[in-house]
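Remarks on the structure that follows.
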Amino acid sequence: LDAFAKAYPDTPNVSQLNVQYFVASQMSNQPDKMFEYGQKAVEADSENVATLNLIADGYASTQTHLKEADEYAKKALDLATKMTKPENMSDMQLGLAHATIGFVSFQEGSARHRVAPAINEFKTAVDLLGANPSLQARTLFYLGYAYEVLYPPNHHLSAEALSRCAAMQSPWQGQAQDLLEKVKKAH
């Protein structure tokens with residue numbers, strides 16, 4: 001990336017270059033650089049739904065820039081709902097925005113057991129993320145977890161979401177199976 005940036009200092013794709021730096025920083029666990037390049041990417045192309053969603057999701061996953069994650073996801077959702085969707089295009093961008101908004105809401109409300117808004121966002125996201133099983137599984141996991149955090153917990157709906165997640169080949173499968181066993185014992 002550095003060689004490309006040096007060779008093409010006036011690239012018209014500066015936003016995408018910053019997105020790549022963002023992803024590289026995220027993968028190499030450099031949160032400060034990740035946030036720096038995320039901000040640069042959004043500033044360079046603040047109307048790009050995919051960029052907004054990627055940056056929002058990355059911010060939410062670190063659990064430190066939840067305000068920005070929520071803001072970017074809501075902007076992506078607003079932009080995506082105003083766009084004319086091309087034929088054969090999935091609803092993944094809408095789903096990712098709802099999932100991120102749900103995750104932020106979950107993080108902010110879980111200590112007080114106020115996760116109903118998160119549950120609503122996760123339920124919407126699950127239906128829209130069918131084209132991306134990994135994101136759908138992650139959302140199902142958090143949906144199941146949210147039902148357990150809810151007061152009083154809803155073990156039945158938690159087990160339903162976690163069972164769906166555990167049945168999917170994804171990085172969330174093992175965590176879903178572990179939490180599902182705990183839910184079954186509590187039920």
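By convention in this document, the chains of the structure tokens carry letters A, B, ... by their order, each chain's residues are numbered from 1, and ligands are numbered from 1 in the order they are shown.
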(message) Based on the backbone DSSP call, show me all residues of segment 21-173 of chain A assigned helix (DSSP H, G or I), as a ChimeraX atom specification.
(response) /A:21-27,31-44,49-62,66-82,92-112,116-128,133-149,155-166,173
(request) Determine, counting only C-alpha atoms, which protein, DNA and RNA residues have an atom within 9 Å of an atom of segment 172-184 of chain A; residues of the same chain fewer than 6 positions away are not included. Present the result as a ChimeraX atom specification. (result) /A:134,137-138,140-141,144-145,148,155-156,158-166
Store the residues of this selection in a file with C-alpha atoms, as a PDB file, in the first residue's frame.
```pdb
ATOM      1  CA  SER A 134     -20.636 -15.459   8.192  1.00  0.00           C
ATOM      2  CA  ALA A 137     -24.179 -16.246  11.821  1.00  0.00           C
ATOM      3  CA  ARG A 138     -22.493 -13.449  13.791  1.00  0.00           C
ATOM      4  CA  LEU A 140     -27.677 -14.727  15.023  1.00  0.00           C
ATOM      5  CA  PHE A 141     -25.114 -15.244  17.780  1.00  0.00           C
ATOM      6  CA  GLY A 144     -29.297 -15.207  20.895  1.00  0.00           C
ATOM      7  CA  TYR A 145     -26.994 -13.511  23.367  1.00  0.00           C
ATOM      8  CA  GLU A 148     -30.249 -13.962  27.345  1.00  0.00           C
ATOM      9  CA  HIS A 155     -34.363 -18.746  26.778  1.00  0.00           C
ATOM     10  CA  HIS A 156     -36.631 -20.147  24.064  1.00  0.00           C
ATOM     11  CA  SER A 158     -32.229 -17.392  22.544  1.00  0.00           C
ATOM     12  CA  ALA A 159     -31.946 -21.137  21.902  1.00  0.00           C
ATOM     13  CA  GLU A 160     -33.701 -20.731  18.559  1.00  0.00           C
ATOM     14  CA  ALA A 161     -31.228 -18.079  17.322  1.00  0.00           C
ATOM     15  CA  LEU A 162     -28.202 -19.906  18.733  1.00  0.00           C
ATOM     16  CA  SER A 163     -29.317 -23.214  17.200  1.00  0.00           C
ATOM     17  CA  ARG A 164     -29.530 -21.574  13.783  1.00  0.00           C
ATOM     18  CA  CYS A 165     -26.072 -20.079  14.287  1.00  0.00           C
ATOM     19  CA  ALA A 166     -24.579 -23.349  15.518  1.00  0.00           C
TER      20      ALA A 166
END
```
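Closest approach to Gly58 of chain A among A:Ala131, A:Ala116, A:Phe22, A:Leu79: A:Phe22, based on only C-alpha atoms.
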(request) Considering only C-alpha atoms, return as a list in words whatever protein or nucleic-acid residues lie within 6 Å of Ala76 of chain A, sequence-local ones (same chain, fewer than 3 positions apart) excluded. (result)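 In the requested form, the answer reads Val49, Leu52, Ala73, Leu79 and Ala80 of chain A.
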(message) If I take atom CA of Ser110 of chain A and atom CA of Thr139 of chain A, how far is one from the other in Å, to one decimal?
(response) 15.7 Å
(request) Give me the residues within 7 Å of His113 of chain A as a ChimeraX atom specification, counting only C-alpha atoms and dropping any in the same chain fewer than 6 places off. (result) /A:149-151
Quick one: write out the picked residues with C-alpha atoms as a JSON list (two decimals), in the first residue's frame?
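The resulting file, result01.json, is reproduced below:
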```json
[["chain", "number", "residue", "atom", "x", "y", "z"],
["A", 149, "VAL", "CA", -29.29, -10.47, 28.51],
["A", 150, "LEU", "CA", -32.90, -9.29, 28.28],
["A", 151, "TYR", "CA", -34.69, -9.13, 31.60]]
```
(message) Please report the interatomic distance between atom CA of Thr64 of chain A and atom CA of Leu157 of chain A in Å with one decimal.
(response)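 Those two atoms sit 28.9 Å apart.
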With a distance cut-off of 12 Å and only C-alpha atoms, select the neighbouring residues of Arg114 of chain A, excluding the residue or stretch itself and same-chain residues fewer than 4 positions from it, and output the selection as a PDB file with all heavy atoms, in the first residue's frame.
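That gives us out02.pdb:
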```pdb
ATOM      1  N   GLY A 102     -27.514  -2.591  15.769  1.00  0.00           N
ATOM      2  CA  GLY A 102     -27.906  -3.509  16.831  1.00  0.00           C
ATOM      3  C   GLY A 102     -26.771  -3.790  17.797  1.00  0.00           C
ATOM      4  O   GLY A 102     -26.966  -3.816  19.017  1.00  0.00           O
ATOM      5  N   SER A 105     -26.231  -0.789  20.002  1.00  0.00           N
ATOM      6  CA  SER A 105     -27.330  -0.730  20.965  1.00  0.00           C
ATOM      7  C   SER A 105     -27.168  -1.804  22.041  1.00  0.00           C
ATOM      8  O   SER A 105     -27.415  -1.556  23.224  1.00  0.00           O
ATOM      9  CB  SER A 105     -28.660  -0.903  20.227  1.00  0.00           C
ATOM     10  OG  SER A 105     -29.732  -0.848  21.111  1.00  0.00           O
ATOM     11  N   PHE A 106     -26.730  -2.981  21.647  1.00  0.00           N
ATOM     12  CA  PHE A 106     -26.497  -4.074  22.589  1.00  0.00           C
ATOM     13  C   PHE A 106     -25.394  -3.694  23.581  1.00  0.00           C
ATOM     14  O   PHE A 106     -25.539  -3.883  24.793  1.00  0.00           O
ATOM     15  CB  PHE A 106     -26.119  -5.343  21.832  1.00  0.00           C
ATOM     16  CG  PHE A 106     -25.783  -6.498  22.717  1.00  0.00           C
ATOM     17  CD1 PHE A 106     -26.768  -7.208  23.373  1.00  0.00           C
ATOM     18  CD2 PHE A 106     -24.463  -6.887  22.908  1.00  0.00           C
ATOM     19  CE1 PHE A 106     -26.466  -8.277  24.212  1.00  0.00           C
ATOM     20  CE2 PHE A 106     -24.144  -7.946  23.726  1.00  0.00           C
ATOM     21  CZ  PHE A 106     -25.138  -8.643  24.387  1.00  0.00           C
ATOM     22  N   GLN A 107     -24.295  -3.155  23.058  1.00  0.00           N
ATOM     23  CA  GLN A 107     -23.182  -2.759  23.924  1.00  0.00           C
ATOM     24  C   GLN A 107     -23.608  -1.684  24.924  1.00  0.00           C
ATOM     25  O   GLN A 107     -23.221  -1.729  26.084  1.00  0.00           O
ATOM     26  CB  GLN A 107     -21.995  -2.255  23.096  1.00  0.00           C
ATOM     27  CG  GLN A 107     -21.307  -3.329  22.304  1.00  0.00           C
ATOM     28  CD  GLN A 107     -20.734  -4.416  23.188  1.00  0.00           C
ATOM     29  OE1 GLN A 107     -20.128  -4.167  24.218  1.00  0.00           O
ATOM     30  NE2 GLN A 107     -20.961  -5.659  22.806  1.00  0.00           N
ATOM     31  N   GLU A 108     -24.378  -0.751  24.456  1.00  0.00           N
ATOM     32  CA  GLU A 108     -24.796   0.361  25.313  1.00  0.00           C
ATOM     33  C   GLU A 108     -25.882  -0.044  26.314  1.00  0.00           C
ATOM     34  O   GLU A 108     -25.968   0.534  27.393  1.00  0.00           O
ATOM     35  CB  GLU A 108     -25.277   1.531  24.460  1.00  0.00           C
ATOM     36  CG  GLU A 108     -24.146   2.170  23.674  1.00  0.00           C
ATOM     37  CD  GLU A 108     -24.600   3.247  22.703  1.00  0.00           C
ATOM     38  OE1 GLU A 108     -25.810   3.295  22.363  1.00  0.00           O
ATOM     39  OE2 GLU A 108     -23.737   4.027  22.267  1.00  0.00           O
ATOM     40  N   GLY A 109     -26.715  -1.030  25.982  1.00  0.00           N
ATOM     41  CA  GLY A 109     -27.839  -1.382  26.843  1.00  0.00           C
ATOM     42  C   GLY A 109     -27.690  -2.643  27.656  1.00  0.00           C
ATOM     43  O   GLY A 109     -28.498  -2.896  28.554  1.00  0.00           O
ATOM     44  N   SER A 110     -26.664  -3.439  27.409  1.00  0.00           N
ATOM     45  CA  SER A 110     -26.583  -4.750  28.053  1.00  0.00           C
ATOM     46  C   SER A 110     -26.385  -4.669  29.563  1.00  0.00           C
ATOM     47  O   SER A 110     -26.934  -5.488  30.294  1.00  0.00           O
ATOM     48  CB  SER A 110     -25.497  -5.612  27.416  1.00  0.00           C
ATOM     49  OG  SER A 110     -24.231  -5.015  27.556  1.00  0.00           O
ATOM     50  N   ALA A 118     -31.789  -3.484  20.345  1.00  0.00           N
ATOM     51  CA  ALA A 118     -30.760  -4.293  19.685  1.00  0.00           C
ATOM     52  C   ALA A 118     -31.395  -5.547  19.065  1.00  0.00           C
ATOM     53  O   ALA A 118     -31.075  -5.919  17.931  1.00  0.00           O
ATOM     54  CB  ALA A 118     -29.675  -4.682  20.676  1.00  0.00           C
ATOM     55  N   ILE A 119     -32.284  -6.177  19.810  1.00  0.00           N
ATOM     56  CA  ILE A 119     -32.952  -7.380  19.307  1.00  0.00           C
ATOM     57  C   ILE A 119     -33.707  -7.074  18.022  1.00  0.00           C
ATOM     58  O   ILE A 119     -33.620  -7.830  17.042  1.00  0.00           O
ATOM     59  CB  ILE A 119     -33.883  -7.974  20.392  1.00  0.00           C
ATOM     60  CG1 ILE A 119     -33.042  -8.615  21.502  1.00  0.00           C
ATOM     61  CG2 ILE A 119     -34.866  -8.978  19.801  1.00  0.00           C
ATOM     62  CD1 ILE A 119     -33.815  -9.030  22.732  1.00  0.00           C
ATOM     63  N   ASN A 120     -34.412  -5.965  17.989  1.00  0.00           N
ATOM     64  CA  ASN A 120     -35.152  -5.589  16.773  1.00  0.00           C
ATOM     65  C   ASN A 120     -34.213  -5.384  15.591  1.00  0.00           C
ATOM     66  O   ASN A 120     -34.513  -5.815  14.472  1.00  0.00           O
ATOM     67  CB  ASN A 120     -35.985  -4.330  17.025  1.00  0.00           C
ATOM     68  CG  ASN A 120     -37.141  -4.596  17.949  1.00  0.00           C
ATOM     69  OD1 ASN A 120     -37.638  -5.718  18.051  1.00  0.00           O
ATOM     70  ND2 ASN A 120     -37.576  -3.577  18.655  1.00  0.00           N
ATOM     71  N   ALA A 146     -28.413 -11.563  23.085  1.00  0.00           N
ATOM     72  CA  ALA A 146     -29.271 -10.462  23.540  1.00  0.00           C
ATOM     73  C   ALA A 146     -30.521 -10.989  24.244  1.00  0.00           C
ATOM     74  O   ALA A 146     -30.952 -10.428  25.255  1.00  0.00           O
ATOM     75  CB  ALA A 146     -29.648  -9.559  22.363  1.00  0.00           C
ATOM     76  N   TYR A 147     -31.095 -12.070  23.711  1.00  0.00           N
ATOM     77  CA  TYR A 147     -32.267 -12.650  24.378  1.00  0.00           C
ATOM     78  C   TYR A 147     -31.916 -13.142  25.785  1.00  0.00           C
ATOM     79  O   TYR A 147     -32.768 -13.152  26.673  1.00  0.00           O
ATOM     80  CB  TYR A 147     -32.850 -13.803  23.563  1.00  0.00           C
ATOM     81  CG  TYR A 147     -33.752 -13.365  22.434  1.00  0.00           C
ATOM     82  CD1 TYR A 147     -33.498 -13.776  21.126  1.00  0.00           C
ATOM     83  CD2 TYR A 147     -34.865 -12.566  22.665  1.00  0.00           C
ATOM     84  CE1 TYR A 147     -34.334 -13.390  20.081  1.00  0.00           C
ATOM     85  CE2 TYR A 147     -35.698 -12.173  21.644  1.00  0.00           C
ATOM     86  CZ  TYR A 147     -35.427 -12.594  20.349  1.00  0.00           C
ATOM     87  OH  TYR A 147     -36.256 -12.207  19.327  1.00  0.00           O
ATOM     88  N   GLU A 148     -30.679 -13.528  26.016  1.00  0.00           N
ATOM     89  CA  GLU A 148     -30.249 -13.962  27.345  1.00  0.00           C
ATOM     90  C   GLU A 148     -30.002 -12.781  28.273  1.00  0.00           C
ATOM     91  O   GLU A 148     -30.184 -12.877  29.473  1.00  0.00           O
ATOM     92  CB  GLU A 148     -28.992 -14.831  27.254  1.00  0.00           C
ATOM     93  CG  GLU A 148     -29.262 -16.229  26.786  1.00  0.00           C
ATOM     94  CD  GLU A 148     -30.233 -16.965  27.694  1.00  0.00           C
ATOM     95  OE1 GLU A 148     -29.939 -17.158  28.891  1.00  0.00           O
ATOM     96  OE2 GLU A 148     -31.316 -17.355  27.202  1.00  0.00           O
ATOM     97  N   VAL A 149     -29.557 -11.667  27.715  1.00  0.00           N
ATOM     98  CA  VAL A 149     -29.287 -10.470  28.514  1.00  0.00           C
ATOM     99  C   VAL A 149     -30.585  -9.764  28.886  1.00  0.00           C
ATOM    100  O   VAL A 149     -30.674  -9.115  29.929  1.00  0.00           O
ATOM    101  CB  VAL A 149     -28.332  -9.518  27.750  1.00  0.00           C
ATOM    102  CG1 VAL A 149     -28.223  -8.166  28.418  1.00  0.00           C
ATOM    103  CG2 VAL A 149     -26.966 -10.167  27.597  1.00  0.00           C
ATOM    104  N   LEU A 150     -31.584  -9.907  28.042  1.00  0.00           N
ATOM    105  CA  LEU A 150     -32.896  -9.294  28.280  1.00  0.00           C
ATOM    106  C   LEU A 150     -33.407  -9.694  29.660  1.00  0.00           C
ATOM    107  O   LEU A 150     -33.154 -10.791  30.120  1.00  0.00           O
ATOM    108  CB  LEU A 150     -33.857  -9.787  27.193  1.00  0.00           C
ATOM    109  CG  LEU A 150     -35.215  -9.133  27.049  1.00  0.00           C
ATOM    110  CD1 LEU A 150     -35.047  -7.685  26.600  1.00  0.00           C
ATOM    111  CD2 LEU A 150     -36.041  -9.892  26.022  1.00  0.00           C
ATOM    112  N   TYR A 151     -34.120  -8.777  30.309  1.00  0.00           N
ATOM    113  CA  TYR A 151     -34.689  -9.128  31.605  1.00  0.00           C
ATOM    114  C   TYR A 151     -36.206  -9.116  31.530  1.00  0.00           C
ATOM    115  O   TYR A 151     -36.776  -8.088  31.183  1.00  0.00           O
ATOM    116  CB  TYR A 151     -34.236  -8.155  32.705  1.00  0.00           C
ATOM    117  CG  TYR A 151     -34.703  -8.619  34.056  1.00  0.00           C
ATOM    118  CD1 TYR A 151     -34.019  -9.625  34.716  1.00  0.00           C
ATOM    119  CD2 TYR A 151     -35.844  -8.090  34.628  1.00  0.00           C
ATOM    120  CE1 TYR A 151     -34.466 -10.075  35.944  1.00  0.00           C
ATOM    121  CE2 TYR A 151     -36.301  -8.543  35.852  1.00  0.00           C
ATOM    122  CZ  TYR A 151     -35.600  -9.542  36.502  1.00  0.00           C
ATOM    123  OH  TYR A 151     -36.046 -10.007  37.710  1.00  0.00           O
ATOM    124  N   PRO A 152     -36.857 -10.212  31.835  1.00  0.00           N
ATOM    125  CA  PRO A 152     -36.270 -11.520  32.091  1.00  0.00           C
ATOM    126  C   PRO A 152     -35.778 -12.149  30.786  1.00  0.00           C
ATOM    127  O   PRO A 152     -36.275 -11.815  29.714  1.00  0.00           O
ATOM    128  CB  PRO A 152     -37.437 -12.322  32.682  1.00  0.00           C
ATOM    129  CG  PRO A 152     -38.668 -11.693  32.104  1.00  0.00           C
ATOM    130  CD  PRO A 152     -38.334 -10.241  31.908  1.00  0.00           C
ATOM    131  N   PRO A 153     -34.813 -13.049  30.885  1.00  0.00           N
ATOM    132  CA  PRO A 153     -34.280 -13.663  29.673  1.00  0.00           C
ATOM    133  C   PRO A 153     -35.346 -14.478  28.939  1.00  0.00           C
ATOM    134  O   PRO A 153     -36.261 -15.012  29.558  1.00  0.00           O
ATOM    135  CB  PRO A 153     -33.165 -14.579  30.162  1.00  0.00           C
ATOM    136  CG  PRO A 153     -33.140 -14.491  31.636  1.00  0.00           C
ATOM    137  CD  PRO A 153     -34.191 -13.540  32.093  1.00  0.00           C
TER     138      PRO A 153
END
```
Set out as JSON lines a contact list for segment 42-129 of chain A and segment 26-36 of chain A with a cut-off of 9 Å, giving each residue of segment 42-129 of chain A that qualifies its closest atom pair and distance in Å to one decimal, counting only C-alpha atoms, ordered by chain and rising residue number.
```
{"residue": "A:Ile55", "atom": "CA", "partner": "A:Phe35", "partner_atom": "CA", "distance": 8.5}
{"residue": "A:Gly58", "atom": "CA", "partner": "A:Gln26", "partner_atom": "CA", "distance": 7.5}
{"residue": "A:Tyr59", "atom": "CA", "partner": "A:Phe35", "partner_atom": "CA", "distance": 7.5}
{"residue": "A:Thr62", "atom": "CA", "partner": "A:Pro31", "partner_atom": "CA", "distance": 7.9}
{"residue": "A:His65", "atom": "CA", "partner": "A:Phe35", "partner_atom": "CA", "distance": 8.6}
```
(message) For a test of reading the model, state the distance in Å between atom CA of Ala97 of chain A and atom CA of Tyr21 of chain A, rounded to one decimal.
(response)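 These atoms are spaced 21.4 Å apart.
By chain and then residue number, the residues within 9 Å of Phe122 of chain A are Gly95, His98, Ala99, Thr100, Ile101, Gly102, Phe103, Pro117, Ala118, Ile119, Ala125, Val126, Asp127, Thr139, Leu140, Tyr142 and Leu143 of chain A, counting only C-alpha atoms and disregarding those fewer than 3 positions away in sequence.
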Create the file for the chosen residues now, containing C-alpha atoms and written as a PDB file, in the first residue's frame.
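Below is the file that was written, part39.pdb:
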```
ATOM      1  CA  GLY A  95     -28.296  -5.954   6.762  1.00  0.00           C
ATOM      2  CA  HIS A  98     -28.833  -2.950  10.918  1.00  0.00           C
ATOM      3  CA  ALA A  99     -26.407  -5.444  12.491  1.00  0.00           C
ATOM      4  CA  THR A 100     -23.960  -2.691  13.435  1.00  0.00           C
ATOM      5  CA  ILE A 101     -26.695  -0.479  14.870  1.00  0.00           C
ATOM      6  CA  GLY A 102     -27.906  -3.509  16.831  1.00  0.00           C
ATOM      7  CA  PHE A 103     -24.420  -4.272  18.115  1.00  0.00           C
ATOM      8  CA  PRO A 117     -33.812  -2.140  20.411  1.00  0.00           C
ATOM      9  CA  ALA A 118     -30.760  -4.293  19.685  1.00  0.00           C
ATOM     10  CA  ILE A 119     -32.952  -7.380  19.307  1.00  0.00           C
ATOM     11  CA  ALA A 125     -30.376  -7.826   9.940  1.00  0.00           C
ATOM     12  CA  VAL A 126     -30.609 -11.628  10.024  1.00  0.00           C
ATOM     13  CA  ASP A 127     -33.232 -11.615   7.299  1.00  0.00           C
ATOM     14  CA  THR A 139     -25.808 -11.595  13.947  1.00  0.00           C
ATOM     15  CA  LEU A 140     -27.677 -14.727  15.023  1.00  0.00           C
ATOM     16  CA  TYR A 142     -25.628 -11.722  19.108  1.00  0.00           C
ATOM     17  CA  LEU A 143     -29.388 -12.077  18.742  1.00  0.00           C
TER      18      LEU A 143
END
```
